[in-house]
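Asker: The structure file final.cif (mmCIF, C-alpha atoms and all ligand atoms) is provided below.
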data_protein
loop_
_atom_site.group_PDB
_atom_site.id
_atom_site.type_symbol
_atom_site.label_atom_id
_atom_site.label_comp_id
_atom_site.auth_asym_id
_atom_site.auth_seq_id
_atom_site.Cartn_x
_atom_site.Cartn_y
_atom_site.Cartn_z
ATOM 1 C CA MET W 713 -7.603 -14.886 -2.130
ATOM 2 C CA GLU W 714 -4.010 -15.300 -3.233
ATOM 3 C CA ILE W 715 -1.460 -12.718 -2.057
ATOM 4 C CA ARG W 716 1.832 -12.674 -3.906
ATOM 5 C CA SER W 717 4.113 -10.624 -6.103
ATOM 6 C CA PRO W 718 2.948 -10.100 -9.695
ATOM 7 C CA GLU W 719 5.090 -12.238 -11.987
ATOM 8 C CA ALA W 720 4.116 -12.262 -15.650
ATOM 9 C CA GLU W 721 4.397 -9.040 -17.630
ATOM 10 C CA SER W 722 0.609 -9.025 -18.068
ATOM 11 C CA GLU W 723 0.253 -9.176 -14.277
ATOM 12 C CA PHE W 724 2.462 -6.117 -13.924
ATOM 13 C CA VAL W 725 0.382 -4.284 -16.535
ATOM 14 C CA ALA W 726 -2.758 -4.972 -14.459
ATOM 15 C CA TYR W 727 -0.913 -4.074 -11.253
ATOM 16 C CA TYR W 728 0.063 -0.612 -12.491
ATOM 17 C CA GLU W 729 -3.357 -0.090 -14.072
ATOM 18 C CA LEU W 730 -5.105 -0.635 -10.718
ATOM 19 C CA ARG W 731 -2.601 1.639 -8.984
ATOM 20 C CA TRP W 732 -3.284 4.361 -11.595
ATOM 21 C CA ARG W 733 -7.075 3.931 -11.601
ATOM 22 C CA VAL W 734 -7.371 4.236 -7.805
ATOM 23 C CA LEU W 735 -4.574 6.677 -6.940
ATOM 24 C CA ARG W 736 -4.076 8.881 -10.019
ATOM 25 C CA LYS W 737 -7.029 8.828 -12.464
ATOM 26 C CA PRO W 738 -9.561 10.515 -10.121
ATOM 27 C CA TRP W 739 -7.244 13.564 -10.063
ATOM 28 C CA GLY W 740 -6.844 13.701 -13.838
ATOM 29 C CA GLN W 741 -3.306 12.310 -13.788
ATOM 30 C CA PRO W 742 -2.165 10.515 -16.952
ATOM 31 C CA SER W 743 -1.355 6.844 -17.247
ATOM 32 C CA GLY W 744 2.317 6.428 -16.347
ATOM 33 C CA SER W 745 2.136 8.962 -13.505
ATOM 34 C CA GLU W 746 1.496 6.050 -11.121
ATOM 35 C CA ARG W 747 5.075 4.785 -11.532
ATOM 36 C CA ASP W 748 8.346 6.042 -10.108
ATOM 37 C CA GLU W 749 12.035 5.273 -10.393
ATOM 38 C CA LEU W 750 11.996 3.049 -7.295
ATOM 39 C CA ASP W 751 9.603 0.521 -8.829
ATOM 40 C CA ALA W 752 12.390 -1.462 -10.484
ATOM 41 C CA ALA W 753 13.983 -2.437 -7.164
ATOM 42 C CA ALA W 754 10.876 -2.375 -4.937
ATOM 43 C CA THR W 755 8.832 -5.233 -3.466
ATOM 44 C CA HIS W 756 5.395 -5.493 -5.075
ATOM 45 C CA VAL W 757 2.421 -7.290 -3.546
ATOM 46 C CA ALA W 758 -0.877 -8.065 -5.256
ATOM 47 C CA GLY W 759 -4.060 -9.909 -4.278
ATOM 48 C CA TYR W 760 -5.979 -12.154 -6.698
ATOM 49 C CA ASP W 761 -9.526 -13.389 -6.150
ATOM 50 C CA GLU W 762 -10.847 -16.890 -6.871
ATOM 51 C CA ALA W 763 -11.269 -15.944 -10.543
ATOM 52 C CA LYS W 764 -7.579 -14.849 -10.595
ATOM 53 C CA ARG W 765 -8.646 -11.209 -10.991
ATOM 54 C CA LEU W 766 -6.376 -8.594 -9.474
ATOM 55 C CA VAL W 767 -8.202 -6.860 -6.594
ATOM 56 C CA CYS W 768 -5.577 -5.083 -4.463
ATOM 57 C CA VAL W 769 -1.970 -3.872 -4.596
ATOM 58 C CA GLY W 770 0.766 -2.317 -2.474
ATOM 59 C CA ARG W 771 4.502 -1.614 -2.584
ATOM 60 C CA LEU W 772 7.455 -1.618 -0.196
ATOM 61 C CA HIS W 773 10.793 0.038 -0.909
ATOM 62 C CA ALA W 774 13.938 0.506 1.137
ATOM 63 C CA VAL W 775 14.594 4.029 2.421
ATOM 64 C CA GLU W 776 17.734 3.384 4.447
ATOM 65 C CA THR W 777 19.191 0.510 6.431
ATOM 66 C CA GLY W 778 16.404 -1.036 8.490
ATOM 67 C CA VAL W 779 13.747 1.361 7.228
ATOM 68 C CA GLY W 780 11.145 0.675 4.563
ATOM 69 C CA GLN W 781 8.371 2.748 3.084
ATOM 70 C CA VAL W 782 4.947 1.482 2.075
ATOM 71 C CA ARG W 783 3.370 3.259 -0.909
ATOM 72 C CA TYR W 784 0.669 2.848 -3.487
ATOM 73 C CA MET W 785 -1.809 0.803 -1.425
ATOM 74 C CA ALA W 786 -4.988 0.411 -3.462
ATOM 75 C CA VAL W 787 -8.056 -1.826 -3.281
ATOM 76 C CA GLU W 788 -10.781 -2.014 -5.968
ATOM 77 C CA GLU W 789 -13.449 0.373 -4.741
ATOM 78 C CA PRO W 790 -16.429 -2.037 -4.475
ATOM 79 C CA LEU W 791 -14.257 -4.488 -2.522
ATOM 80 C CA ARG W 792 -13.024 -2.164 0.207
ATOM 81 C CA GLY W 793 -13.737 -2.900 3.845
ATOM 82 C CA ARG W 794 -13.428 -6.665 3.414
ATOM 83 C CA GLY W 795 -9.897 -7.198 4.657
ATOM 84 C CA LEU W 796 -8.086 -6.927 1.306
ATOM 85 C CA GLY W 797 -6.020 -3.870 2.251
ATOM 86 C CA GLN W 798 -5.198 -5.638 5.503
ATOM 87 C CA ALA W 799 -3.961 -8.707 3.636
ATOM 88 C CA VAL W 800 -1.661 -6.578 1.438
ATOM 89 C CA LEU W 801 -0.267 -4.634 4.399
ATOM 90 C CA ASP W 802 0.291 -7.830 6.425
ATOM 91 C CA GLU W 803 2.295 -9.285 3.531
ATOM 92 C CA LEU W 804 4.323 -6.102 3.015
ATOM 93 C CA GLU W 805 5.154 -6.039 6.737
ATOM 94 C CA ARG W 806 6.108 -9.723 6.677
ATOM 95 C CA LEU W 807 8.432 -9.093 3.728
ATOM 96 C CA ALA W 808 9.840 -5.974 5.393
ATOM 97 C CA LYS W 809 10.784 -8.005 8.473
ATOM 98 C CA TRP W 810 12.219 -10.724 6.263
ATOM 99 C CA GLN W 811 14.393 -8.064 4.596
ATOM 100 C CA GLY W 812 15.636 -6.984 8.027
ATOM 101 C CA MET W 813 13.620 -3.807 8.297
ATOM 102 C CA SER W 814 12.411 -2.778 11.748
ATOM 103 C CA VAL W 815 10.653 0.468 10.866
ATOM 104 C CA ILE W 816 8.068 1.269 8.225
ATOM 105 C CA VAL W 817 7.249 4.840 7.327
ATOM 106 C CA LEU W 818 4.530 6.054 5.002
ATOM 107 C CA ASP W 819 2.561 9.078 3.880
ATOM 108 C CA ALA W 820 -1.105 8.290 4.521
ATOM 109 C CA ARG W 821 -3.909 10.028 2.700
ATOM 110 C CA GLU W 822 -6.297 11.553 5.233
ATOM 111 C CA ALA W 823 -8.977 8.992 4.403
ATOM 112 C CA ALA W 824 -6.550 6.146 5.087
ATOM 113 C CA VAL W 825 -5.074 7.384 8.383
ATOM 114 C CA GLY W 826 -7.613 5.312 10.371
ATOM 115 C CA PHE W 827 -6.639 2.171 8.478
ATOM 116 C CA TYR W 828 -2.967 2.629 9.363
ATOM 117 C CA ARG W 829 -3.698 3.629 12.974
ATOM 118 C CA HIS W 830 -5.700 0.430 13.262
ATOM 119 C CA ASN W 831 -2.503 -1.344 12.176
ATOM 120 C CA GLY W 832 -0.270 0.248 14.794
ATOM 121 C CA TYR W 833 1.103 3.204 12.814
ATOM 122 C CA GLU W 834 1.406 6.528 14.619
ATOM 123 C CA ALA W 835 1.120 9.938 13.034
ATOM 124 C CA VAL W 836 4.425 11.787 13.296
ATOM 125 C CA GLY W 837 3.763 14.923 11.276
ATOM 126 C CA GLU W 838 2.256 16.500 8.221
ATOM 127 C CA GLY W 839 2.961 14.917 4.879
ATOM 128 C CA PRO W 840 2.792 16.251 1.333
ATOM 129 C CA VAL W 841 -0.314 17.622 -0.369
ATOM 130 C CA LEU W 842 -0.723 15.806 -3.660
ATOM 131 C CA PHE W 843 -2.358 17.379 -6.733
ATOM 132 C CA GLY W 844 -3.063 20.497 -4.674
ATOM 133 C CA GLU W 845 -5.718 18.778 -2.566
ATOM 134 C CA VAL W 846 -4.886 15.294 -1.253
ATOM 135 C CA ARG W 847 -3.486 15.843 2.228
ATOM 136 C CA HIS W 848 -1.218 13.253 3.832
ATOM 137 C CA SER W 849 -0.001 12.491 7.340
ATOM 138 C CA LYS W 850 3.457 11.083 7.926
ATOM 139 C CA MET W 851 3.099 7.820 9.847
ATOM 140 C CA ARG W 852 5.518 5.338 11.336
ATOM 141 C CA LYS W 853 5.547 1.867 12.864
ATOM 142 C CA LYS W 854 8.402 0.151 14.624
ATOM 143 C CA PHE W 855 8.511 -3.577 15.182
ATOM 144 C CA SER W 856 10.981 -6.057 16.503
ATOM 145 C CA VAL W 857 12.534 -8.150 13.783
ATOM 146 C CA SER W 858 12.006 -11.864 14.237
ATOM 147 C CA MET W 859 12.983 -14.150 11.418
ATOM 148 C CA PRO W 860 10.401 -16.850 10.623
HETATM 149 C C1 LIG W 901 -6.986 2.340 2.440
HETATM 150 C C2 LIG W 901 -7.295 0.977 1.850
HETATM 151 C C3 LIG W 901 -6.054 0.385 1.189
HETATM 152 C C4 LIG W 901 -7.734 0.025 2.993
HETATM 153 O O1 LIG W 901 -8.091 -1.241 2.460
HETATM 154 P P1 LIG W 901 -9.496 -1.929 2.810
HETATM 155 O O2 LIG W 901 -9.533 -3.243 2.115
HETATM 156 O O3 LIG W 901 -10.591 -0.970 2.491
HETATM 157 O O4 LIG W 901 -9.389 -2.101 4.377
HETATM 158 P P2 LIG W 901 -9.613 -3.455 5.223
HETATM 159 O O5 LIG W 901 -10.981 -3.958 4.970
HETATM 160 O O6 LIG W 901 -8.498 -4.409 4.947
HETATM 161 O O7 LIG W 901 -9.487 -2.901 6.697
HETATM 162 C C5 LIG W 901 -8.708 -3.547 7.698
HETATM 163 C C6 LIG W 901 -9.102 -3.020 9.035
HETATM 164 O O8 LIG W 901 -8.853 -1.615 9.076
HETATM 165 C C7 LIG W 901 -10.058 -0.924 9.397
HETATM 166 N N1 LIG W 901 -10.132 0.267 8.573
HETATM 167 C C8 LIG W 901 -10.106 0.323 7.224
HETATM 168 N N2 LIG W 901 -10.184 1.610 6.808
HETATM 169 C C9 LIG W 901 -10.285 2.349 7.944
HETATM 170 C C10 LIG W 901 -10.389 3.744 8.197
HETATM 171 N N3 LIG W 901 -10.397 4.641 7.195
HETATM 172 N N4 LIG W 901 -10.474 4.159 9.484
HETATM 173 C C11 LIG W 901 -10.432 3.275 10.504
HETATM 174 N N5 LIG W 901 -10.324 1.932 10.312
HETATM 175 C C12 LIG W 901 -10.244 1.488 9.059
HETATM 176 C C13 LIG W 901 -11.187 -1.863 9.038
HETATM 177 O O9 LIG W 901 -12.327 -1.599 9.805
HETATM 178 C C14 LIG W 901 -10.586 -3.206 9.348
HETATM 179 O O10 LIG W 901 -10.695 -3.454 10.741
HETATM 180 P P3 LIG W 901 -11.003 -4.937 11.330
HETATM 181 O O11 LIG W 901 -9.776 -5.733 11.021
HETATM 182 O O12 LIG W 901 -11.198 -4.698 12.787
HETATM 183 O O13 LIG W 901 -12.201 -5.420 10.619
HETATM 184 C C15 LIG W 901 -8.442 1.040 0.812
HETATM 185 O O14 LIG W 901 -9.611 1.519 1.440
HETATM 186 C C16 LIG W 901 -8.156 1.905 -0.419
HETATM 187 O O15 LIG W 901 -7.673 1.407 -1.434
HETATM 188 N N6 LIG W 901 -8.492 3.201 -0.348
HETATM 189 C C17 LIG W 901 -8.314 4.124 -1.487
HETATM 190 C C18 LIG W 901 -6.865 4.345 -1.841
HETATM 191 C C19 LIG W 901 -6.051 4.855 -0.669
HETATM 192 O O16 LIG W 901 -6.430 5.802 -0.004
HETATM 193 N N7 LIG W 901 -4.898 4.204 -0.464
HETATM 194 C C20 LIG W 901 -4.012 4.553 0.610
HETATM 195 C C21 LIG W 901 -3.078 5.600 0.154
HETATM 196 S S1 LIG W 901 -2.070 6.172 1.518
#
As a first step, turn the structure in this file into structure tokens.
Answerer:
Amino acid sequence: MEIRSPEAESEFVAYYELRWRVLRKPWGQPSGSERDELDAAATHVAGYDEAKRLVCVGRLHAVETGVGQVRYMAVEEPLRGRGLGQAVLDELERLAKWQGMSVIVLDAREAAVGFYRHNGYEAVGEGPVLFGEVRHSKMRKKFSVSMP
């Protein structure tokens, strides 16, 4: 698998389509609702399989000095549980450290809390409830910054 930022416009189209299909469509949200105003300046990571098909995505944006937020983590449903989400998160954390961040915060959907705990994130409070039903926990991870 290749983990990198999407580059071509067509790659970004596929990137947002996967984000929408996994994180918005099941709740009846329209195409376009998967994007926000921070996308333009954010760090985007995508995974491509041997056939160059997009299989997983995730985003990092800066919240304040030294603090980043991970959002929009999504893996194609049939391919979950095979380390793809891990690969995206590892890359986002590597890039966060490279950008001088020492803390990552995120709002984890209930079903994903175990995934983030497994990766050293601790629950620090209740997060938002999306679409009236998707509960989130606020989570946080602190790491020491070491430049490669
Ligand atoms: C959450 C998500 C990104 C995780 O990606 P994934 O590819 O399924 O997870 P991985 O296979 O990379 O898991 C990595 C490790 O975390 C563990 N893990 C994954 N999900 C877990 C969970 N819910 N609870 C506990 N551990 C979990 C795995 O067992 C694996 O452990 P290992 O390294 O010891 O084998 C993915 O399942 C997904 O897209 N879910 C739907 C969308 C979503 O909820 N996104 C998050 C929004 S906050």
Asker: List, as a list in words, every residue that the PyMOL selection byres (((not hetatm)) within 7 of (chain W and resi 901)) selects in the file provided.
Answerer: Val734, Leu735, Arg783, Tyr784, Met785, Ala786, Val787, Glu788, Glu789, Leu791, Arg792, Gly793, Arg794, Gly795, Leu796, Gly797, Gln798, Ala799, Asp819, Ala820, Arg821, Ala823, Ala824, Val825, Gly826, Phe827 and His830 of chain W
Asker: Residue by residue, what does the PyMOL selection byres (((chain W and resi 752) around 12) and not hetatm) grab here? Present the result as an MDAnalysis selection string.
Answerer: chainID W and resid 724 747:751 753:756 771:774
Asker: Include C-alpha atoms and write out the residues we just selected as a compact mmCIF listing (two decimals), in the frame of the given file.
Answerer:
# COMPACT_ATOMS: atom_id res chain seq x y z
CA PHE W 724 2.46 -6.12 -13.92
CA ARG W 747 5.08 4.78 -11.53
CA ASP W 748 8.35 6.04 -10.11
CA GLU W 749 12.04 5.27 -10.39
CA LEU W 750 12.00 3.05 -7.30
CA ASP W 751 9.60 0.52 -8.83
CA ALA W 753 13.98 -2.44 -7.16
CA ALA W 754 10.88 -2.38 -4.94
CA THR W 755 8.83 -5.23 -3.47
CA HIS W 756 5.40 -5.49 -5.08
CA ARG W 771 4.50 -1.61 -2.58
CA LEU W 772 7.46 -1.62 -0.20
CA HIS W 773 10.79 0.04 -0.91
CA ALA W 774 13.94 0.51 1.14
Asker: Between CA of Asp802 (chain W) and CA of Pro738 (chain W), measure the distance and give it in Å to one decimal.
Answerer: 26.6 Å
Asker: To one decimal place in Å, what is the distance between CA of Glu776 (chain W) and CA of Lys850 (chain W)?
Answerer: 16.6 Å
Asker: Could you tell me which of W:Ile816, W:Val846, W:Met851, W:Ala808 comes closest to Arg829 (chain W) if we count all atoms listed in the file?
Answerer: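 Going through W:Ile816, W:Val846, W:Met851, W:Ala808 one by one, the smallest distance to Arg829 (chain W) is for W:Met851.
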Asker: Pick out the residues sitting within 9 Å of Val800 (chain W), and hand them over as a short mmCIF file (atom, residue, chain, number, x, y, z; two decimals) with C-alpha atoms, in the frame of the given file; count all atoms listed in the file, and ignore anything fewer than 4 positions along from it in its own chain.
Answerer:
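Result written to result-v1.cif:
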data_model
loop_
_atom_site.label_atom_id
_atom_site.label_comp_id
_atom_site.auth_asym_id
_atom_site.auth_seq_id
_atom_site.Cartn_x
_atom_site.Cartn_y
_atom_site.Cartn_z
CA ILE W 715 -1.46 -12.72 -2.06
CA ARG W 716 1.83 -12.67 -3.91
CA VAL W 757 2.42 -7.29 -3.55
CA ALA W 758 -0.88 -8.06 -5.26
CA GLY W 759 -4.06 -9.91 -4.28
CA CYS W 768 -5.58 -5.08 -4.46
CA VAL W 769 -1.97 -3.87 -4.60
CA GLY W 770 0.77 -2.32 -2.47
CA ARG W 771 4.50 -1.61 -2.58
CA MET W 785 -1.81 0.80 -1.42
CA GLY W 795 -9.90 -7.20 4.66
CA LEU W 796 -8.09 -6.93 1.31
CA LEU W 804 4.32 -6.10 3.02
CA GLU W 805 5.15 -6.04 6.74
#
Asker: Within 6 Å of (11.1, 6.8, 4.3), only C-alpha atoms: residues as a ChimeraX atom specification?
Answerer: /W:775,781,817
Asker: Here's the selection I'm unsure about, the PyMOL selection byres (((chain W and resi 743) around 12) and not hetatm); applied to the file above, which residues does it give, as a list in words?
Answerer: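 This file gives the following for the PyMOL selection byres (((chain W and resi 743) around 12) and not hetatm): Val725, Tyr728, Glu729, Leu730, Arg731, Trp732, Arg733, Val734, Leu735, Arg736, Lys737, Pro738, Trp739, Gly740, Gln741, Pro742, Gly744, Ser745, Glu746 and Arg747 of chain W.
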Asker: Provide the CA of Glu803 (chain W) to CA of Phe843 (chain W) distance in Å, to one decimal place.
Answerer: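 Between these atoms lies a distance of 28.9 Å.
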Asker: Please return as a list in words every residue within 9 Å of (-7.8, -17.0, -3.5), taking into account only C-alpha atoms and the file's own coordinates.
Answerer: Met713, Glu714, Ile715, Gly759, Tyr760, Asp761, Glu762, Ala763 and Lys764 of chain W
Asker: Add whatever atoms are absent from region 733-762 of chain W to reach N, CA and C atoms, and provide the output as a PDB file, keeping the file's coordinate frame.
Answerer:
ATOM      1  N   ARG W 733      -5.623   3.686 -11.621  1.00  0.00           N
ATOM      2  CA  ARG W 733      -7.075   3.931 -11.601  1.00  0.00           C
ATOM      3  C   ARG W 733      -7.546   4.410 -10.228  1.00  0.00           C
ATOM      4  N   VAL W 734      -6.927   3.859  -9.156  1.00  0.00           N
ATOM      5  CA  VAL W 734      -7.371   4.236  -7.805  1.00  0.00           C
ATOM      6  C   VAL W 734      -6.671   5.508  -7.319  1.00  0.00           C
ATOM      7  N   LEU W 735      -5.370   5.630  -7.600  1.00  0.00           N
ATOM      8  CA  LEU W 735      -4.574   6.677  -6.940  1.00  0.00           C
ATOM      9  C   LEU W 735      -4.213   7.870  -7.827  1.00  0.00           C
ATOM     10  N   ARG W 736      -4.444   7.784  -9.118  1.00  0.00           N
ATOM     11  CA  ARG W 736      -4.076   8.881 -10.019  1.00  0.00           C
ATOM     12  C   ARG W 736      -5.232   9.360 -10.895  1.00  0.00           C
ATOM     13  N   LYS W 737      -5.971   8.456 -11.508  1.00  0.00           N
ATOM     14  CA  LYS W 737      -7.029   8.828 -12.464  1.00  0.00           C
ATOM     15  C   LYS W 737      -8.060   9.804 -11.892  1.00  0.00           C
ATOM     16  N   PRO W 738      -8.528   9.600 -10.650  1.00  0.00           N
ATOM     17  CA  PRO W 738      -9.561  10.515 -10.121  1.00  0.00           C
ATOM     18  C   PRO W 738      -9.086  11.967 -10.048  1.00  0.00           C
ATOM     19  N   TRP W 739      -7.792  12.205 -10.116  1.00  0.00           N
ATOM     20  CA  TRP W 739      -7.244  13.564 -10.063  1.00  0.00           C
ATOM     21  C   TRP W 739      -6.722  14.001 -11.430  1.00  0.00           C
ATOM     22  N   GLY W 740      -7.181  13.305 -12.478  1.00  0.00           N
ATOM     23  CA  GLY W 740      -6.844  13.701 -13.838  1.00  0.00           C
ATOM     24  C   GLY W 740      -5.402  13.450 -14.228  1.00  0.00           C
ATOM     25  N   GLN W 741      -4.722  12.567 -13.495  1.00  0.00           N
ATOM     26  CA  GLN W 741      -3.306  12.310 -13.788  1.00  0.00           C
ATOM     27  C   GLN W 741      -3.179  11.241 -14.884  1.00  0.00           C
ATOM     28  N   PRO W 742      -2.255  11.429 -15.806  1.00  0.00           N
ATOM     29  CA  PRO W 742      -2.165  10.515 -16.952  1.00  0.00           C
ATOM     30  C   PRO W 742      -1.616   9.141 -16.570  1.00  0.00           C
ATOM     31  N   SER W 743      -1.927   8.172 -17.402  1.00  0.00           N
ATOM     32  CA  SER W 743      -1.355   6.844 -17.247  1.00  0.00           C
ATOM     33  C   SER W 743       0.169   6.961 -17.321  1.00  0.00           C
ATOM     34  N   GLY W 744       0.856   6.308 -16.426  1.00  0.00           N
ATOM     35  CA  GLY W 744       2.317   6.428 -16.347  1.00  0.00           C
ATOM     36  C   GLY W 744       2.720   7.229 -15.117  1.00  0.00           C
ATOM     37  N   SER W 745       1.818   8.129 -14.666  1.00  0.00           N
ATOM     38  CA  SER W 745       2.136   8.962 -13.505  1.00  0.00           C
ATOM     39  C   SER W 745       2.103   8.149 -12.204  1.00  0.00           C
ATOM     40  N   GLU W 746       1.591   6.906 -12.310  1.00  0.00           N
ATOM     41  CA  GLU W 746       1.496   6.050 -11.121  1.00  0.00           C
ATOM     42  C   GLU W 746       2.813   5.344 -10.829  1.00  0.00           C
ATOM     43  N   ARG W 747       3.807   5.508 -11.722  1.00  0.00           N
ATOM     44  CA  ARG W 747       5.075   4.785 -11.532  1.00  0.00           C
ATOM     45  C   ARG W 747       6.167   5.734 -11.071  1.00  0.00           C
ATOM     46  N   ASP W 748       7.189   5.215 -10.432  1.00  0.00           N
ATOM     47  CA  ASP W 748       8.346   6.042 -10.108  1.00  0.00           C
ATOM     48  C   ASP W 748       9.625   5.221 -10.255  1.00  0.00           C
ATOM     49  N   GLU W 749      10.746   5.892 -10.096  1.00  0.00           N
ATOM     50  CA  GLU W 749      12.035   5.273 -10.393  1.00  0.00           C
ATOM     51  C   GLU W 749      12.398   4.164  -9.402  1.00  0.00           C
ATOM     52  N   LEU W 750      11.680   4.081  -8.284  1.00  0.00           N
ATOM     53  CA  LEU W 750      11.996   3.049  -7.295  1.00  0.00           C
ATOM     54  C   LEU W 750      11.282   1.725  -7.588  1.00  0.00           C
ATOM     55  N   ASP W 751      10.364   1.737  -8.551  1.00  0.00           N
ATOM     56  CA  ASP W 751       9.603   0.521  -8.829  1.00  0.00           C
ATOM     57  C   ASP W 751      10.484  -0.664  -9.226  1.00  0.00           C
ATOM     58  N   ALA W 752      11.556  -0.370  -9.960  1.00  0.00           N
ATOM     59  CA  ALA W 752      12.390  -1.462 -10.484  1.00  0.00           C
ATOM     60  C   ALA W 752      12.967  -2.326  -9.365  1.00  0.00           C
ATOM     61  N   ALA W 753      13.328  -1.691  -8.246  1.00  0.00           N
ATOM     62  CA  ALA W 753      13.983  -2.437  -7.164  1.00  0.00           C
ATOM     63  C   ALA W 753      13.040  -2.717  -5.987  1.00  0.00           C
ATOM     64  N   ALA W 754      11.800  -2.272  -6.079  1.00  0.00           N
ATOM     65  CA  ALA W 754      10.876  -2.375  -4.937  1.00  0.00           C
ATOM     66  C   ALA W 754      10.255  -3.769  -4.827  1.00  0.00           C
ATOM     67  N   THR W 755       9.572  -3.991  -3.703  1.00  0.00           N
ATOM     68  CA  THR W 755       8.832  -5.233  -3.466  1.00  0.00           C
ATOM     69  C   THR W 755       7.356  -4.959  -3.748  1.00  0.00           C
ATOM     70  N   HIS W 756       6.783  -5.728  -4.667  1.00  0.00           N
ATOM     71  CA  HIS W 756       5.395  -5.493  -5.075  1.00  0.00           C
ATOM     72  C   HIS W 756       4.507  -6.632  -4.575  1.00  0.00           C
ATOM     73  N   VAL W 757       3.355  -6.279  -4.027  1.00  0.00           N
ATOM     74  CA  VAL W 757       2.421  -7.290  -3.546  1.00  0.00           C
ATOM     75  C   VAL W 757       1.053  -7.057  -4.184  1.00  0.00           C
ATOM     76  N   ALA W 758       0.435  -8.152  -4.616  1.00  0.00           N
ATOM     77  CA  ALA W 758      -0.877  -8.065  -5.256  1.00  0.00           C
ATOM     78  C   ALA W 758      -1.779  -9.162  -4.706  1.00  0.00           C
ATOM     79  N   GLY W 759      -3.085  -8.906  -4.708  1.00  0.00           N
ATOM     80  CA  GLY W 759      -4.060  -9.909  -4.278  1.00  0.00           C
ATOM     81  C   GLY W 759      -4.937 -10.311  -5.456  1.00  0.00           C
ATOM     82  N   TYR W 760      -5.151 -11.632  -5.608  1.00  0.00           N
ATOM     83  CA  TYR W 760      -5.979 -12.154  -6.698  1.00  0.00           C
ATOM     84  C   TYR W 760      -7.148 -12.931  -6.109  1.00  0.00           C
ATOM     85  N   ASP W 761      -8.350 -12.683  -6.676  1.00  0.00           N
ATOM     86  CA  ASP W 761      -9.526 -13.389  -6.150  1.00  0.00           C
ATOM     87  C   ASP W 761      -9.606 -14.798  -6.741  1.00  0.00           C
ATOM     88  N   GLU W 762     -10.711 -15.489  -6.442  1.00  0.00           N
ATOM     89  CA  GLU W 762     -10.847 -16.890  -6.871  1.00  0.00           C
ATOM     90  C   GLU W 762     -10.814 -17.004  -8.393  1.00  0.00           C
TER      91      GLU W 762
END
